[in-house]
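The next block is run_26.cif, given as mmCIF, C-alpha atoms.
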```
data_query
loop_
_atom_site.group_PDB
_atom_site.id
_atom_site.type_symbol
_atom_site.label_atom_id
_atom_site.label_comp_id
_atom_site.auth_asym_id
_atom_site.auth_seq_id
_atom_site.Cartn_x
_atom_site.Cartn_y
_atom_site.Cartn_z
ATOM 1 C CA MET J 165 188.216 23.483 45.777
ATOM 2 C CA GLU J 166 185.712 20.839 44.730
ATOM 3 C CA ILE J 167 182.749 19.295 46.506
ATOM 4 C CA THR J 168 182.261 15.618 45.727
ATOM 5 C CA GLN J 169 180.741 12.432 47.041
ATOM 6 C CA PRO J 170 183.549 10.376 48.591
ATOM 7 C CA THR J 171 184.197 6.666 48.308
ATOM 8 C CA THR J 172 184.544 4.388 51.304
ATOM 9 C CA ALA J 173 188.319 4.904 51.045
ATOM 10 C CA ALA J 174 187.680 8.270 52.731
ATOM 11 C CA VAL J 175 186.068 6.779 55.850
ATOM 12 C CA GLU J 176 189.126 6.983 58.120
ATOM 13 C CA PRO J 177 190.148 10.553 57.163
ATOM 14 C CA LEU J 178 186.527 11.596 57.697
ATOM 15 C CA VAL J 179 186.431 9.862 61.073
ATOM 16 C CA ASP J 180 189.536 11.861 62.017
ATOM 17 C CA CYS J 181 187.680 15.052 61.028
ATOM 18 C CA ARG J 182 184.674 14.010 63.113
ATOM 19 C CA MET J 183 186.939 13.351 66.100
ATOM 20 C CA GLU J 184 188.394 16.872 65.669
ATOM 21 C CA LEU J 185 184.849 18.236 65.684
ATOM 22 C CA ALA J 186 183.880 16.267 68.802
ATOM 23 C CA ALA J 187 186.936 17.549 70.661
ATOM 24 C CA ASP J 188 186.216 21.125 69.556
ATOM 25 C CA GLN J 189 182.567 20.937 70.620
ATOM 26 C CA GLN J 190 183.467 20.076 74.189
ATOM 27 C CA GLN J 191 184.324 23.733 74.792
ATOM 28 C CA TYR J 192 180.647 24.471 74.080
ATOM 29 C CA GLY J 193 179.309 21.877 76.517
ATOM 30 C CA SER J 194 179.036 18.827 74.286
ATOM 31 C CA ARG J 195 178.703 15.611 76.270
ATOM 32 C CA LEU J 196 179.830 13.435 73.360
ATOM 33 C CA SER J 197 182.980 11.437 74.056
ATOM 34 C CA THR J 198 185.597 11.480 71.320
ATOM 35 C CA GLU J 199 187.666 8.317 70.912
ATOM 36 C CA ALA J 200 185.109 6.128 72.704
ATOM 37 C CA ASN J 201 182.789 6.751 69.750
ATOM 38 C CA ARG J 202 185.300 6.177 66.943
ATOM 39 C CA GLN J 203 183.761 2.858 65.822
ATOM 40 C CA ALA J 204 180.188 4.173 65.860
ATOM 41 C CA VAL J 205 181.273 7.296 63.960
ATOM 42 C CA SER J 206 183.103 5.134 61.428
ATOM 43 C CA GLU J 207 179.976 3.047 60.826
ATOM 44 C CA THR J 208 177.771 6.132 60.521
ATOM 45 C CA ILE J 209 180.115 7.799 58.044
ATOM 46 C CA ALA J 210 180.413 4.625 55.968
ATOM 47 C CA ARG J 211 176.611 4.273 55.883
ATOM 48 C CA HIS J 212 176.181 7.887 54.745
ATOM 49 C CA ILE J 213 178.802 7.412 52.017
ATOM 50 C CA VAL J 214 177.100 4.265 50.730
ATOM 51 C CA THR J 215 173.639 5.886 50.768
ATOM 52 C CA GLY J 216 174.859 9.093 49.121
ATOM 53 C CA GLY J 217 174.375 11.338 52.148
ATOM 54 C CA LEU J 218 177.882 12.725 52.534
ATOM 55 C CA LEU J 219 179.819 15.349 50.602
ATOM 56 C CA VAL J 220 183.423 16.448 51.072
ATOM 57 C CA ALA J 221 185.235 19.661 50.215
ATOM 58 C CA ARG J 222 188.689 18.865 48.869
ATOM 59 C CA GLU J 223 191.600 20.759 47.513
ATOM 60 C CA ASP J 224 194.621 18.889 46.214
ATOM 61 C CA GLU J 225 193.010 15.689 47.557
ATOM 62 C CA ALA J 226 193.114 17.039 51.129
ATOM 63 C CA ILE J 227 189.768 17.059 52.945
ATOM 64 C CA ARG J 228 188.939 20.564 54.132
ATOM 65 C CA GLY J 229 185.463 19.801 55.416
ATOM 66 C CA PHE J 230 182.387 17.640 55.013
ATOM 67 C CA VAL J 231 178.640 17.566 55.414
ATOM 68 C CA MET J 232 176.583 14.519 56.332
ATOM 69 C CA TYR J 233 172.812 14.522 55.785
ATOM 70 C CA HIS J 234 169.710 12.398 55.139
ATOM 71 C CA VAL J 235 165.964 12.547 54.728
ATOM 72 C CA GLU J 236 164.205 12.038 58.053
ATOM 73 C CA ASP J 237 162.669 8.602 58.266
ATOM 74 C CA GLY J 238 160.864 8.770 61.584
ATOM 75 C CA ARG J 239 157.843 6.718 62.560
ATOM 76 C CA TYR J 240 155.450 9.666 62.763
ATOM 77 C CA GLN J 241 153.721 11.184 59.753
ATOM 78 C CA GLN J 242 154.516 14.860 59.285
ATOM 79 C CA ASP J 243 153.042 17.674 57.224
ATOM 80 C CA GLU J 244 156.373 18.222 55.451
ATOM 81 C CA THR J 245 159.261 16.053 54.361
ATOM 82 C CA THR J 246 162.283 16.965 56.463
ATOM 83 C CA GLY J 247 165.960 16.687 55.662
ATOM 84 C CA ILE J 248 168.491 16.575 58.463
ATOM 85 C CA ILE J 249 171.989 17.981 58.397
ATOM 86 C CA VAL J 250 173.680 15.535 60.757
ATOM 87 C CA THR J 251 177.144 17.092 60.724
ATOM 88 C CA LEU J 252 178.766 20.042 58.996
ATOM 89 C CA TYR J 253 182.451 20.481 59.690
ATOM 90 C CA VAL J 254 185.208 22.620 58.230
ATOM 91 C CA ARG J 255 188.720 22.216 59.573
ATOM 92 C CA SER J 256 189.656 25.288 61.621
ATOM 93 C CA GLU J 257 192.459 26.440 59.324
ATOM 94 C CA PHE J 258 189.996 26.650 56.382
ATOM 95 C CA ARG J 259 187.129 28.457 58.104
ATOM 96 C CA ASP J 260 185.864 31.807 56.814
ATOM 97 C CA ASP J 261 186.699 30.827 53.221
ATOM 98 C CA GLY J 262 183.108 29.984 52.246
ATOM 99 C CA ILE J 263 183.591 26.219 52.454
ATOM 100 C CA GLY J 264 180.847 25.720 55.048
ATOM 101 C CA SER J 265 178.398 27.744 52.970
ATOM 102 C CA GLU J 266 179.220 25.722 49.856
ATOM 103 C CA LEU J 267 178.900 22.396 51.662
ATOM 104 C CA LEU J 268 175.588 23.407 53.233
ATOM 105 C CA ALA J 269 174.189 24.639 49.905
ATOM 106 C CA ALA J 270 175.261 21.411 48.176
ATOM 107 C CA ALA J 271 173.575 19.273 50.859
ATOM 108 C CA GLU J 272 170.406 21.385 50.676
ATOM 109 C CA GLU J 273 170.395 20.948 46.885
ATOM 110 C CA GLN J 274 170.700 17.169 47.236
ATOM 111 C CA LEU J 275 167.938 17.086 49.853
ATOM 112 C CA ALA J 276 165.672 19.255 47.677
ATOM 113 C CA ALA J 277 166.199 16.799 44.816
ATOM 114 C CA GLU J 278 164.936 14.081 47.171
ATOM 115 C CA GLY J 279 161.719 16.030 47.791
ATOM 116 C CA VAL J 280 162.562 17.643 51.114
ATOM 117 C CA ASP J 281 160.481 20.694 52.129
ATOM 118 C CA THR J 282 162.406 21.713 55.266
ATOM 119 C CA VAL J 283 165.960 21.164 56.467
ATOM 120 C CA THR J 284 166.804 20.963 60.162
ATOM 121 C CA LEU J 285 170.041 20.771 62.106
ATOM 122 C CA GLU J 286 171.282 21.040 65.658
ATOM 123 C CA VAL J 287 173.829 23.457 67.048
ATOM 124 C CA LEU J 288 175.158 23.743 70.578
ATOM 125 C CA ALA J 289 173.583 26.755 72.306
ATOM 126 C CA ALA J 290 176.944 28.067 73.512
ATOM 127 C CA ASN J 291 178.506 27.957 70.024
ATOM 128 C CA ASP J 292 177.774 31.542 69.007
ATOM 129 C CA ASP J 293 179.878 31.369 65.826
ATOM 130 C CA ALA J 294 177.932 28.368 64.528
ATOM 131 C CA ARG J 295 174.612 29.955 65.450
ATOM 132 C CA ARG J 296 175.552 33.137 63.568
ATOM 133 C CA PHE J 297 176.695 31.103 60.552
ATOM 134 C CA TYR J 298 173.418 29.178 60.337
ATOM 135 C CA SER J 299 171.391 32.348 60.880
ATOM 136 C CA ARG J 300 173.173 33.939 57.890
ATOM 137 C CA GLN J 301 172.205 30.841 55.891
ATOM 138 C CA GLY J 302 168.512 31.409 56.712
ATOM 139 C CA TYR J 303 168.089 28.939 59.596
ATOM 140 C CA ARG J 304 165.854 30.004 62.468
ATOM 141 C CA THR J 305 165.274 28.542 65.915
ATOM 142 C CA HIS J 306 162.559 25.942 65.672
ATOM 143 C CA ARG J 307 162.950 23.856 68.780
ATOM 144 C CA LEU J 308 165.043 24.114 71.959
ATOM 145 C CA GLU J 309 166.567 21.304 73.975
ATOM 146 C CA LEU J 310 166.755 21.922 77.699
ATOM 147 C CA ALA J 311 169.131 20.033 79.991
ATOM 148 C CA LYS J 312 169.464 19.645 83.738
ATOM 149 C CA ARG J 313 172.095 17.840 85.795
ATOM 150 C CA ILE J 314 170.478 15.306 88.132
ATOM 151 C CA GLU J 315 171.653 15.023 91.691
ATOM 152 C CA ASN J 316 172.519 11.430 92.643
ATOM 153 C CA ASP J 317 174.314 9.514 95.399
ATOM 154 C CA THR J 318 177.697 10.542 93.994
ATOM 155 C CA HIS J 319 176.870 14.255 93.812
ATOM 156 C CA SER J 320 174.228 15.083 96.403
ATOM 157 C CA LYS J 321 172.873 18.456 97.453
ATOM 158 C CA ASP J 322 174.014 17.731 101.030
ATOM 159 C CA GLU J 323 177.730 17.774 100.120
ATOM 160 C CA GLY J 324 177.959 21.595 100.024
#
```

What do you get writing this file as structure tokens?
Amino acid sequence: MEITQPTTAAVEPLVDCRMELAADQQQYGSRLSTEANRQAVSETIARHIVTGGLLVAREDEAIRGFVMYHVEDGRYQQDETTGIIVTLYVRSEFRDDGIGSELLAAAEEQLAAEGVDTVTLEVLAANDDARRFYSRQGYRTHRLELAKRIENDTHSKDEG
């Protein structure tokens, strides 16, 4: 297996991978639609390829997984330069072979070369396997997102 930076010829196969990930994440409560976001995902992947923020794991030219990342470029000044792992995905049939660890390490190495002090990422709270994986890689909870369904005219409290 090799980890390389892809060309834009890999955009569509990578979009297919991202759609697989979106579908898989719905079992953990993701609110992200799959096919409705295909164009936006395609543009995001293409941008990360062009800017050098995407690596793929391949064997025999078949994509087994990918990692997409960048240096945070927010408006607020921070005490540390932060890198963000946007997406890390390994196709289900290739999990537990060390591919995710290799992709993550390669992205961290690239981010370190760009002067990053800290790397952050998001994981769905209900995805215990992903949380365990990132914990083994040294990631710790830094921030929590809380969510609440809002009652509205369509779904009111009085309907019970």

Exercise. If we count all atoms listed in the file, what is near Leu267 (chain J) at a cut-off of 12 Å, once residues fewer than 3 positions away on the same chain are taken out, given as a PyMOL selection string?
Worked result: chain J and resi 165-169+217-222+228-233+249+251-254+261-264+270-274+301

May I have the selected residues written with C-alpha atoms, as a compact mmCIF listing (two decimals), keeping the file's coordinate frame?
```txt
# COMPACT_ATOMS: atom_id res chain seq x y z
CA MET J 165 188.22 23.48 45.78
CA GLU J 166 185.71 20.84 44.73
CA ILE J 167 182.75 19.30 46.51
CA THR J 168 182.26 15.62 45.73
CA GLN J 169 180.74 12.43 47.04
CA GLY J 217 174.38 11.34 52.15
CA LEU J 218 177.88 12.72 52.53
CA LEU J 219 179.82 15.35 50.60
CA VAL J 220 183.42 16.45 51.07
CA ALA J 221 185.24 19.66 50.22
CA ARG J 222 188.69 18.86 48.87
CA ARG J 228 188.94 20.56 54.13
CA GLY J 229 185.46 19.80 55.42
CA PHE J 230 182.39 17.64 55.01
CA VAL J 231 178.64 17.57 55.41
CA MET J 232 176.58 14.52 56.33
CA TYR J 233 172.81 14.52 55.78
CA ILE J 249 171.99 17.98 58.40
CA THR J 251 177.14 17.09 60.72
CA LEU J 252 178.77 20.04 59.00
CA TYR J 253 182.45 20.48 59.69
CA VAL J 254 185.21 22.62 58.23
CA ASP J 261 186.70 30.83 53.22
CA GLY J 262 183.11 29.98 52.25
CA ILE J 263 183.59 26.22 52.45
CA GLY J 264 180.85 25.72 55.05
CA ALA J 270 175.26 21.41 48.18
CA ALA J 271 173.58 19.27 50.86
CA GLU J 272 170.41 21.38 50.68
CA GLU J 273 170.40 20.95 46.88
CA GLN J 274 170.70 17.17 47.24
CA GLN J 301 172.20 30.84 55.89
```

For this session: Name all residues at most 10 Å from region 290-298 of chain J (count all atoms listed in the file; drop same-chain ones fewer than 3 positions away) and give them as a count of residues only.
Result: 17

Once the PyMOL selection byres ((chain J and resi 309) around 10) has been evaluated on this model, what residues remain selected, and can you format them as a PDB file with C-alpha atoms, in the frame of the given file?
```
ATOM      1  CA  GLU J 286     171.282  21.040  65.658  1.00  0.00           C
ATOM      2  CA  LEU J 288     175.158  23.743  70.578  1.00  0.00           C
ATOM      3  CA  ALA J 289     173.583  26.755  72.306  1.00  0.00           C
ATOM      4  CA  ARG J 307     162.950  23.856  68.780  1.00  0.00           C
ATOM      5  CA  LEU J 308     165.043  24.114  71.959  1.00  0.00           C
ATOM      6  CA  LEU J 310     166.755  21.922  77.699  1.00  0.00           C
ATOM      7  CA  ALA J 311     169.131  20.033  79.991  1.00  0.00           C
TER       8      ALA J 311
END
```

Could you spell out the hits of the PyMOL selection byres ((chain J and resi 211) around 12) on the shown file, as an mmCIF file with C-alpha atoms, keeping the file's coordinate frame?
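Okay, part-v8.cif is ready:
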```
data_model
loop_
_atom_site.group_PDB
_atom_site.id
_atom_site.type_symbol
_atom_site.label_atom_id
_atom_site.label_comp_id
_atom_site.auth_asym_id
_atom_site.auth_seq_id
_atom_site.Cartn_x
_atom_site.Cartn_y
_atom_site.Cartn_z
ATOM 1 C CA PRO J 170 183.549 10.376 48.591
ATOM 2 C CA THR J 171 184.197 6.666 48.308
ATOM 3 C CA THR J 172 184.544 4.388 51.304
ATOM 4 C CA VAL J 175 186.068 6.779 55.850
ATOM 5 C CA ALA J 204 180.188 4.173 65.860
ATOM 6 C CA VAL J 205 181.273 7.296 63.960
ATOM 7 C CA SER J 206 183.103 5.134 61.428
ATOM 8 C CA GLU J 207 179.976 3.047 60.826
ATOM 9 C CA THR J 208 177.771 6.132 60.521
ATOM 10 C CA ILE J 209 180.115 7.799 58.044
ATOM 11 C CA ALA J 210 180.413 4.625 55.968
ATOM 12 C CA HIS J 212 176.181 7.887 54.745
ATOM 13 C CA ILE J 213 178.802 7.412 52.017
ATOM 14 C CA VAL J 214 177.100 4.265 50.730
ATOM 15 C CA THR J 215 173.639 5.886 50.768
ATOM 16 C CA GLY J 216 174.859 9.093 49.121
ATOM 17 C CA GLY J 217 174.375 11.338 52.148
ATOM 18 C CA LEU J 218 177.882 12.725 52.534
ATOM 19 C CA MET J 232 176.583 14.519 56.332
ATOM 20 C CA TYR J 233 172.812 14.522 55.785
ATOM 21 C CA HIS J 234 169.710 12.398 55.139
#
```

For this session: List, as an MDAnalysis selection string, every residue that the PyMOL selection byres ((chain J and resi 202) around 12) selects in the file provided.
Result: chainID J and resid 175:184 186 196:201 203:209

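The interatomic distance for the pair CA of Phe258 (chain J) and CA of Arg300 (chain J) works out to 18.4 Å.
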
Problem set entry | Residues within 8 Å of Glu244 (chain J), all atoms listed in the file, excluding chain neighbours under 3 positions, as a PyMOL selection string | chain J and resi 280-282

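The spacing separating CA of Gly247 (chain J) from CA of Leu185 (chain J) amounts to 21.4 Å.
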
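Taking CA of Lys312 (chain J) and CA of Val250 (chain J) as the two end points, the separation is 23.7 Å.
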